[in-house]
Amino acid sequence: MKSTLWKDAGQFTEQPLNSVRKFNGRLLQVYLDTVRLPDGLTSTREWIRHPGACAVVPVFEDGTIMLVKQFRYPSRQIFYEVPAGKIDPGEPEEVTAVRETAEETGLQVRSCRYIGHFYPGIGYSDEIIHIYAAWDLSQQPEKLEDDEFLVTHRLPFSEAVRMVELGEISDAKTICSLLKTKLWWEKNNPFYVSFS
């Protein structure tokens with residue numbers, strides 16, 4: 001029978017006892033840790049260390065936004081996504097947001113605002129994604145990385161939200177970024193835009 005001591009003590013945290021890196025990749029590191037549970041027993045935790053990322057919702061003055069479509073190998077599907085990418089070592093998050101938007105869409109961002117963050121895989125990763133809304137946009141040539149293949153897709157913000165509702169947008173970072181940005185935008189209105 002499972003002990004309930006942890007409930008009485010009000011402790012919910014697990015204490016690391018040992019950590020072994022099992023894989024060291026260009027982007028990710030995979031660890032196997034031994035932890036002490038709240039009830040005093042031990043267990044193991046497999047988890048992934050991630051450098052963090054930024055996701056951006058670029059909003060044009062006419063109420064349209066820019067998404068990208070790209071093939072994602074692990075799920076073998078093409079997804080609609082907001083521009084996004086990992087944070088380089090020592091790089092401020094806002095710089096990552098502006099850089100990734102330019103690289104993936106060719107859009108130069110002159111104004112952006114931090115909207116918030118979320119954790120996309122709390123059961124197996126420490127990854128955090130920071131969300132930015134961007135406006136005052138101008139088009140420049142794209143600067144895709146050598147192994148990056150995608151196309152841009154401009155559409156009304158309201159249509160993107162409808163696609164979330166219908167399941168046509170199924171990428172978690174895109175869903176979260178679109179909905180949080182829509183809520184922030186409607187409350188703060190950096191300039192008048194109708195999303196209907």
# chains A, B, ... in the order shown; residues from 1 in each chain; ligands from 1
>>> closest_atom_pairs(of="segment 35-88 of chain A", to="segment 127-139 of chain A", cutoff="12 Å", atoms="only C-alpha atoms", output="Markdown table")
| residue | atom | partner | partner_atom | distance |
| --- | --- | --- | --- | --- |
| A:Trp47 | CA | A:Glu127 | CA | 10.2 |
| A:Ile48 | CA | A:Glu127 | CA | 8.0 |
| A:Arg49 | CA | A:Glu127 | CA | 6.8 |
| A:His50 | CA | A:Glu127 | CA | 5.0 |
| A:Pro51 | CA | A:Glu127 | CA | 6.8 |
| A:Gly52 | CA | A:Ile128 | CA | 5.0 |
| A:Ala53 | CA | A:Ile129 | CA | 4.8 |
| A:Cys54 | CA | A:His130 | CA | 4.6 |
| A:Ala55 | CA | A:Ile131 | CA | 4.9 |
| A:Val56 | CA | A:Tyr132 | CA | 4.7 |
| A:Val57 | CA | A:Ala133 | CA | 4.9 |
| A:Pro58 | CA | A:Ala134 | CA | 4.6 |
| A:Val59 | CA | A:Trp135 | CA | 5.2 |
| A:Phe60 | CA | A:Trp135 | CA | 6.1 |
| A:Glu61 | CA | A:Trp135 | CA | 7.7 |
| A:Asp62 | CA | A:Trp135 | CA | 10.9 |
| A:Gly63 | CA | A:Trp135 | CA | 10.3 |
| A:Thr64 | CA | A:Trp135 | CA | 10.7 |
| A:Ile65 | CA | A:Trp135 | CA | 9.5 |
| A:Met66 | CA | A:Ala134 | CA | 10.3 |
| A:Val82 | CA | A:Ile131 | CA | 10.0 |
| A:Pro83 | CA | A:Tyr132 | CA | 10.2 |
| A:Ala84 | CA | A:Ile129 | CA | 9.0 |
| A:Gly85 | CA | A:Ile129 | CA | 9.1 |
| A:Lys86 | CA | A:Ile129 | CA | 8.6 |
| A:Ile87 | CA | A:Ile129 | CA | 9.4 |
>>> residues_around(residues="Lys69 of chain A", least_positions_apart="2", cutoff="7 Å", atoms="only C-alpha atoms", output="list in words")
Leu67, Ile78, Phe79, Tyr80, Glu81, Leu150, Val151 and Thr152 of chain A
>>> write_last_selection(atoms="N, CA and C atoms", output="PDB file, in the first residue's frame")
ATOM      1  N   LEU A  67       2.205  32.333 -40.827  1.00  0.00           N
ATOM      2  CA  LEU A  67       2.571  31.011 -40.340  1.00  0.00           C
ATOM      3  C   LEU A  67       3.533  30.384 -41.333  1.00  0.00           C
ATOM      4  N   ILE A  78       3.225  17.194 -42.236  1.00  0.00           N
ATOM      5  CA  ILE A  78       3.410  18.622 -42.473  1.00  0.00           C
ATOM      6  C   ILE A  78       2.500  19.376 -41.504  1.00  0.00           C
ATOM      7  N   PHE A  79       3.055  20.380 -40.838  1.00  0.00           N
ATOM      8  CA  PHE A  79       2.323  21.154 -39.845  1.00  0.00           C
ATOM      9  C   PHE A  79       2.298  22.629 -40.211  1.00  0.00           C
ATOM     10  N   TYR A  80       1.209  23.307 -39.835  1.00  0.00           N
ATOM     11  CA  TYR A  80       1.192  24.765 -39.777  1.00  0.00           C
ATOM     12  C   TYR A  80       1.806  25.143 -38.433  1.00  0.00           C
ATOM     13  N   GLU A  81       2.733  26.122 -38.465  1.00  0.00           N
ATOM     14  CA  GLU A  81       3.398  26.530 -37.236  1.00  0.00           C
ATOM     15  C   GLU A  81       3.637  28.031 -37.220  1.00  0.00           C
ATOM     16  N   LEU A 150      10.717  25.031 -45.735  1.00  0.00           N
ATOM     17  CA  LEU A 150       9.378  25.425 -45.319  1.00  0.00           C
ATOM     18  C   LEU A 150       8.827  26.466 -46.276  1.00  0.00           C
ATOM     19  N   VAL A 151       7.518  26.655 -46.209  1.00  0.00           N
ATOM     20  CA  VAL A 151       6.865  27.700 -46.995  1.00  0.00           C
ATOM     21  C   VAL A 151       6.054  28.568 -46.043  1.00  0.00           C
ATOM     22  N   THR A 152       5.946  29.846 -46.367  1.00  0.00           N
ATOM     23  CA  THR A 152       5.170  30.757 -45.531  1.00  0.00           C
ATOM     24  C   THR A 152       3.710  30.750 -45.970  1.00  0.00           C
TER      25      THR A 152
END
>>> closest_residue(among="A:Gly123, A:Val161, A:Ser19, A:Lys143", to="Leu183 of chain A", atoms="only C-alpha atoms")
A:Val161
>>> residues_around(residues="Thr42 of chain A", least_positions_apart="6", cutoff="12 Å", atoms="only C-alpha atoms", output="mmCIF file with all heavy atoms, in the first residue's frame")
data_model
loop_
_atom_site.group_PDB
_atom_site.id
_atom_site.type_symbol
_atom_site.label_atom_id
_atom_site.label_comp_id
_atom_site.auth_asym_id
_atom_site.auth_seq_id
_atom_site.Cartn_x
_atom_site.Cartn_y
_atom_site.Cartn_z
ATOM 1 N N GLU A 14 10.498 16.028 -5.701
ATOM 2 C CA GLU A 14 11.385 14.866 -5.758
ATOM 3 C C GLU A 14 12.822 15.374 -5.713
ATOM 4 O O GLU A 14 13.156 16.346 -6.391
ATOM 5 C CB GLU A 14 11.138 14.078 -7.049
ATOM 6 C CG GLU A 14 9.717 13.564 -7.146
ATOM 7 C CD GLU A 14 9.401 12.881 -8.472
ATOM 8 O OE1 GLU A 14 10.256 12.901 -9.387
ATOM 9 O OE2 GLU A 14 8.300 12.327 -8.581
ATOM 10 N N GLN A 15 13.647 14.728 -4.928
ATOM 11 C CA GLN A 15 15.035 15.161 -4.753
ATOM 12 C C GLN A 15 15.975 14.302 -5.602
ATOM 13 O O GLN A 15 15.954 13.071 -5.484
ATOM 14 C CB GLN A 15 15.442 15.068 -3.273
ATOM 15 C CG GLN A 15 14.572 15.889 -2.344
ATOM 16 C CD GLN A 15 14.575 17.359 -2.705
ATOM 17 O OE1 GLN A 15 15.612 17.937 -3.023
ATOM 18 N NE2 GLN A 15 13.395 17.971 -2.678
ATOM 19 N N PRO A 16 16.786 14.928 -6.459
ATOM 20 C CA PRO A 16 17.724 14.133 -7.275
ATOM 21 C C PRO A 16 18.822 13.536 -6.414
ATOM 22 O O PRO A 16 19.406 14.214 -5.557
ATOM 23 C CB PRO A 16 18.290 15.160 -8.257
ATOM 24 C CG PRO A 16 18.080 16.491 -7.611
ATOM 25 C CD PRO A 16 16.878 16.369 -6.733
ATOM 26 N N LEU A 17 19.114 12.265 -6.626
ATOM 27 C CA LEU A 17 20.185 11.562 -5.916
ATOM 28 C C LEU A 17 21.374 11.295 -6.829
ATOM 29 O O LEU A 17 22.511 11.291 -6.388
ATOM 30 C CB LEU A 17 19.659 10.236 -5.345
ATOM 31 C CG LEU A 17 18.487 10.349 -4.368
ATOM 32 C CD1 LEU A 17 17.986 8.960 -3.990
ATOM 33 C CD2 LEU A 17 18.898 11.138 -3.132
ATOM 34 N N ASN A 18 21.088 11.059 -8.114
ATOM 35 C CA ASN A 18 22.134 10.735 -9.081
ATOM 36 C C ASN A 18 21.607 11.069 -10.471
ATOM 37 O O ASN A 18 20.428 10.928 -10.742
ATOM 38 C CB ASN A 18 22.497 9.242 -8.983
ATOM 39 C CG ASN A 18 23.658 8.893 -9.878
ATOM 40 O OD1 ASN A 18 24.633 9.624 -9.961
ATOM 41 N ND2 ASN A 18 23.555 7.774 -10.572
ATOM 42 N N ASP A 33 17.964 9.856 -14.209
ATOM 43 C CA ASP A 33 18.205 10.278 -12.826
ATOM 44 C C ASP A 33 17.575 9.298 -11.850
ATOM 45 O O ASP A 33 16.521 8.709 -12.130
ATOM 46 C CB ASP A 33 17.594 11.656 -12.560
ATOM 47 C CG ASP A 33 18.340 12.779 -13.262
ATOM 48 O OD1 ASP A 33 19.239 12.497 -14.081
ATOM 49 O OD2 ASP A 33 18.008 13.943 -12.990
ATOM 50 N N THR A 34 18.204 9.168 -10.691
ATOM 51 C CA THR A 34 17.605 8.496 -9.551
ATOM 52 C C THR A 34 17.121 9.580 -8.605
ATOM 53 O O THR A 34 17.861 10.526 -8.316
ATOM 54 C CB THR A 34 18.628 7.587 -8.842
ATOM 55 O OG1 THR A 34 19.152 6.648 -9.790
ATOM 56 C CG2 THR A 34 17.987 6.834 -7.683
ATOM 57 N N VAL A 35 15.885 9.460 -8.152
ATOM 58 C CA VAL A 35 15.291 10.507 -7.308
ATOM 59 C C VAL A 35 14.689 9.898 -6.038
ATOM 60 O O VAL A 35 14.295 8.730 -6.023
ATOM 61 C CB VAL A 35 14.196 11.293 -8.066
ATOM 62 C CG1 VAL A 35 14.767 11.993 -9.285
ATOM 63 C CG2 VAL A 35 13.024 10.406 -8.455
ATOM 64 N N ARG A 36 14.656 10.716 -4.988
ATOM 65 C CA ARG A 36 13.917 10.350 -3.786
ATOM 66 C C ARG A 36 12.520 10.943 -3.898
ATOM 67 O O ARG A 36 12.355 12.141 -4.117
ATOM 68 C CB ARG A 36 14.602 10.862 -2.524
ATOM 69 C CG ARG A 36 13.910 10.358 -1.247
ATOM 70 C CD ARG A 36 14.690 10.621 0.007
ATOM 71 N NE ARG A 36 16.072 10.215 -0.034
ATOM 72 C CZ ARG A 36 16.545 8.952 0.016
ATOM 73 N NH1 ARG A 36 15.682 7.946 0.099
ATOM 74 N NH2 ARG A 36 17.831 8.708 -0.021
#
>>> select_by_dssp(residues="segment 12-68 of chain A", states="strand (DSSP E)", output="JSON, numbers by chain")
{"A": [15, 16, 17, 18, 19, 20, 21, 22, 23, 24, 29, 30, 31, 32, 33, 34, 35, 36, 42, 43, 44, 45, 46, 47, 48, 49, 53, 54, 55, 56, 57, 58, 64, 65, 66, 67, 68]}
>>> atom_distance(atom1="atom CA of Glu93 of chain A", atom2="atom CA of Phe157 of chain A")
23.9 Å
>>> select_by_dssp(residues="segment 1-195 of chain A", states="helix (DSSP H, G or I)", output="number ranges by chain")
A: 5-9, 93-105, 157-166, 172-188
>>> atom_distance(atom1="atom CA of Val30 of chain A", atom2="atom CA of Tyr73 of chain A")
19.0 Å
>>> residues_around(residues="Ala160 of chain A", least_positions_apart="4", cutoff="10 Å", atoms="only C-alpha atoms", output="tab-separated table (two decimals) with N, CA and C atoms, in the first residue's frame")
chain	number	residue	atom	x	y	z
A	64	THR	N	-3.90	40.12	-40.61
A	64	THR	CA	-3.38	38.82	-41.02
A	64	THR	C	-2.12	38.50	-40.23
A	65	ILE	N	-1.78	37.22	-40.21
A	65	ILE	CA	-0.55	36.77	-39.55
A	65	ILE	C	0.23	35.89	-40.50
A	66	MET	N	1.46	35.60	-40.15
A	66	MET	CA	2.30	34.73	-40.97
A	66	MET	C	2.59	33.44	-40.21
A	67	LEU	N	2.20	32.33	-40.83
A	67	LEU	CA	2.57	31.01	-40.34
A	67	LEU	C	3.53	30.38	-41.33
A	80	TYR	N	1.21	23.31	-39.84
A	80	TYR	CA	1.19	24.77	-39.78
A	80	TYR	C	1.81	25.14	-38.43
A	154	ARG	N	0.34	33.26	-45.27
A	154	ARG	CA	-0.28	34.43	-44.64
A	154	ARG	C	-1.80	34.26	-44.66
A	155	LEU	N	-2.43	34.48	-43.52
A	155	LEU	CA	-3.86	34.28	-43.40
A	155	LEU	C	-4.43	35.18	-42.30
A	156	PRO	N	-5.74	35.42	-42.31
A	156	PRO	CA	-6.33	36.21	-41.24
A	156	PRO	C	-6.12	35.53	-39.88
A	164	VAL	N	-7.38	26.19	-35.42
A	164	VAL	CA	-7.11	25.55	-34.12
A	164	VAL	C	-8.37	24.83	-33.65
A	165	GLU	N	-9.50	25.53	-33.70
A	165	GLU	CA	-10.77	24.95	-33.25
A	165	GLU	C	-11.13	23.70	-34.02
A	166	LEU	N	-10.85	23.69	-35.34
A	166	LEU	CA	-11.20	22.54	-36.19
A	166	LEU	C	-10.15	21.43	-36.17
A	168	GLU	N	-7.17	21.68	-37.52
A	168	GLU	CA	-6.29	21.79	-38.68
A	168	GLU	C	-4.91	22.30	-38.28
A	169	ILE	N	-4.83	23.02	-37.20
A	169	ILE	CA	-3.55	23.36	-36.56
A	169	ILE	C	-3.46	22.50	-35.32
A	174	THR	N	2.08	26.24	-31.52
A	174	THR	CA	1.31	27.15	-32.36
A	174	THR	C	-0.05	27.42	-31.74
A	175	ILE	N	-0.71	26.40	-31.25
A	175	ILE	CA	-2.00	26.58	-30.58
A	175	ILE	C	-1.84	27.53	-29.40
A	178	LEU	N	-0.88	31.19	-30.55
A	178	LEU	CA	-1.98	31.91	-31.18
A	178	LEU	C	-3.02	32.36	-30.16
A	179	LEU	N	-3.40	31.46	-29.28
A	179	LEU	CA	-4.46	31.80	-28.33
A	179	LEU	C	-3.99	32.82	-27.29
>>> atom_distance(atom1="atom CA of Leu37 of chain A", atom2="atom CA of Ser125 of chain A")
18.4 Å
>>> closest_residue(among="A:Val20, A:Gly106, A:Phe149, A:Ala97", to="Thr44 of chain A", atoms="only C-alpha atoms")
A:Val20
